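Asks: Got a structure for you, written out below as structure tokens; questions coming shortly.
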Amino acid sequence: MKRNKIAIILSACMVMSMFATACSSGNKDSAKDSESTGSEVEVSEDSETESTESDTEALTGSDSKTTESTVTASNTDTPSESTENTTAAQPSEATPVKLPSLQAKDVITFGSFEQDNDTSNGPEEIEWIVLTVEDGRALLLSKYILEGMHYDSDSDASWEESEVRAWMNGDFYEAAFSDSERASICEVELETDEPAYGRHFTTKDNVFLLEHADLGKYFEMIYWDETYQLGEYCFEVMTPATPYAEAHGALNITMNKQSATKTITEYPEVKGKVTCSWWLRTSGTFVSISGSTISNVVWEPGDELKPYRSPCEMEDKGVRPAIWITVDTASD
């Protein structure tokens, strides 16, 4: 009986020992599993961090490409350079300037340009003489000579290729007018004849010089032959160069017996008048200081026209710009 009890006790101890061993082994395996799981988490965290950085870079790159693509598409649809040219330099539709009761010989201000040769006080308003008003547009001629320069450095230069044309439609056009003022200036198609050189051409200009025929059309000439466009003694066209233009070479002359004896003898009312010669559009032609127009042909006995060429590189002449603007003359 005692032996049976001892056997039972021993058996129970062995079972308990085996159970304890199994539990210990289970705890170790569990610990190992736990360590293994923790290692995976850490790797997963590193991987997630790297993945996040990679995604950020990818997103940034994607956004950058998207933005660039958008800009390119926008530029393709509406090129910025073209837009600037359309809205500033040459508008598709002119904006009318409101000038009620406008008529020929009126004087208006439009734009600004250096004239008193004192840059510290800024440019001065440009005064324009209205030559004509027709079809919602007005032809303006600057009241004074605004710049002193040659027609071109080449003696035989045409209007189409002249330096004076490039200056008026380039530097002057940009400097003298604001964006809104440029929006009111019309680009016009001009026909220019230069029979002395056997040339005829068409140009498109925003700013231009008058041609010889315009003098007989818009001014009262004492003598004018429309057939040959020869004229003289039109004192309305006499005007001085501004101090700025004079500083750049335009030659102002005071009408007196020394400068124009014949003119003031026949027309004493012009005595003391200050005036300067200014270029016309036809190559080599200009309005003289005495108010006489000089053509590119001269009259010869026997009804013969002889080519007359004035050097385009003369420095003492002035520039008197002309423009067409869109106007609204309706009274409010």
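To be explicit about the labels: the chains of the structure tokens are called A, B, and onward in the order shown, and within each one the residues are counted from 1, while ligands get numbers from 1 in the order they are shown.
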Determine, counting only C-alpha atoms, which protein, DNA and RNA residues have an atom within 10 Å of an atom of A:Asn206; residues of the same chain fewer than 5 positions away are not included. Present the result as a list in words.
Replies: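 Skipping anything fewer than 5 positions along the chain leaves Ala89, Gln90, Arg165, Met168, Asn169, Gly170, Tyr173, Arg182, Ile185, Cys186, Glu187, Val188, Glu189, Ala322, Ile323, Trp324 and Ile325 of chain A.
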Asks: Limited to C-alpha atoms, could you put the picked residues into a file as a compact mmCIF listing (two decimals), in the first residue's frame?
Replies:
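Result saved to part.txt:
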```txt
# COMPACT_ATOMS: atom_id res chain seq x y z
CA ALA A 89 2.53 96.59 -79.59
CA GLN A 90 -0.25 95.89 -82.08
CA ARG A 165 11.31 104.29 -89.94
CA MET A 168 9.78 105.62 -85.12
CA ASN A 169 8.14 102.18 -85.06
CA GLY A 170 10.59 100.86 -82.46
CA TYR A 173 6.71 103.96 -80.37
CA ARG A 182 -0.77 102.09 -78.21
CA ILE A 185 -2.99 103.76 -82.56
CA CYS A 186 -3.88 102.21 -85.90
CA GLU A 187 -1.46 100.19 -87.96
CA VAL A 188 -1.88 101.61 -91.46
CA GLU A 189 -0.86 100.42 -94.89
CA ALA A 322 2.52 111.19 -87.73
CA ILE A 323 -0.01 108.65 -86.45
CA TRP A 324 -3.59 107.56 -87.06
CA ILE A 325 -5.64 107.01 -83.91
```
Asks: Once you count only C-alpha atoms, what closest atom pair and distance in Å to one decimal does each residue of stretch 145-235 of chain A within 12 Å of stretch 241-258 of chain A have, with rows by chain and rising residue number, as a Markdown table?
Replies:
```
| residue | atom | partner | partner_atom | distance |
| --- | --- | --- | --- | --- |
| A:Ile145 | CA | A:Ala241 | CA | 4.3 |
| A:Leu146 | CA | A:Ala245 | CA | 5.5 |
| A:Glu147 | CA | A:Ala245 | CA | 4.1 |
| A:Gly148 | CA | A:Ala250 | CA | 4.3 |
| A:Met149 | CA | A:Gly249 | CA | 6.6 |
| A:His150 | CA | A:Gly249 | CA | 9.0 |
| A:Phe235 | CA | A:Met255 | CA | 11.6 |
```
Asks: For atom CA of A:Glu313 and atom CA of A:Phe201, quote the distance in Å rounded to one decimal.
Replies: 21.2 Å
Asks: Measuring atom to atom with only C-alpha atoms, identify which of A:Phe177, A:Val287, A:Thr132, A:Arg281 is nearest to A:Glu232.
Replies: A:Val287
Asks: Quote the spacing between atom CA of A:Asp135 and atom CA of A:Ile108 in Å to one decimal place.
Replies: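 These atoms are spaced 18.6 Å apart.
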Asks: If we count only C-alpha atoms and set the cut-off at 9 Å, which residues sit around A:Tyr144, ignoring sequence neighbours fewer than 6 positions away in its own chain? Please answer as a PyMOL selection string.
Replies: chain A and resi 126-128+239-242+319-320
Asks: To one decimal in Å, tell me the separation between atom CA of A:Pro195 and atom CA of A:Val164.
Replies: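 Distance reported for this atom pair: 19.9 Å.
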Asks: Please extract the residues of stretch 219-290 of chain A with a backbone DSSP assignment of helix (DSSP H, G or I) and present them as a list in words.
Replies: Phe235, Glu236, Val237, Pro243, Tyr244, Ala245, Glu246, Ala247, Lys257, Gln258, Ser259, Ala260, Thr261, Lys262, Thr263, Ile264, Thr265, Glu266, Pro268, Glu269 and Val270 of chain A
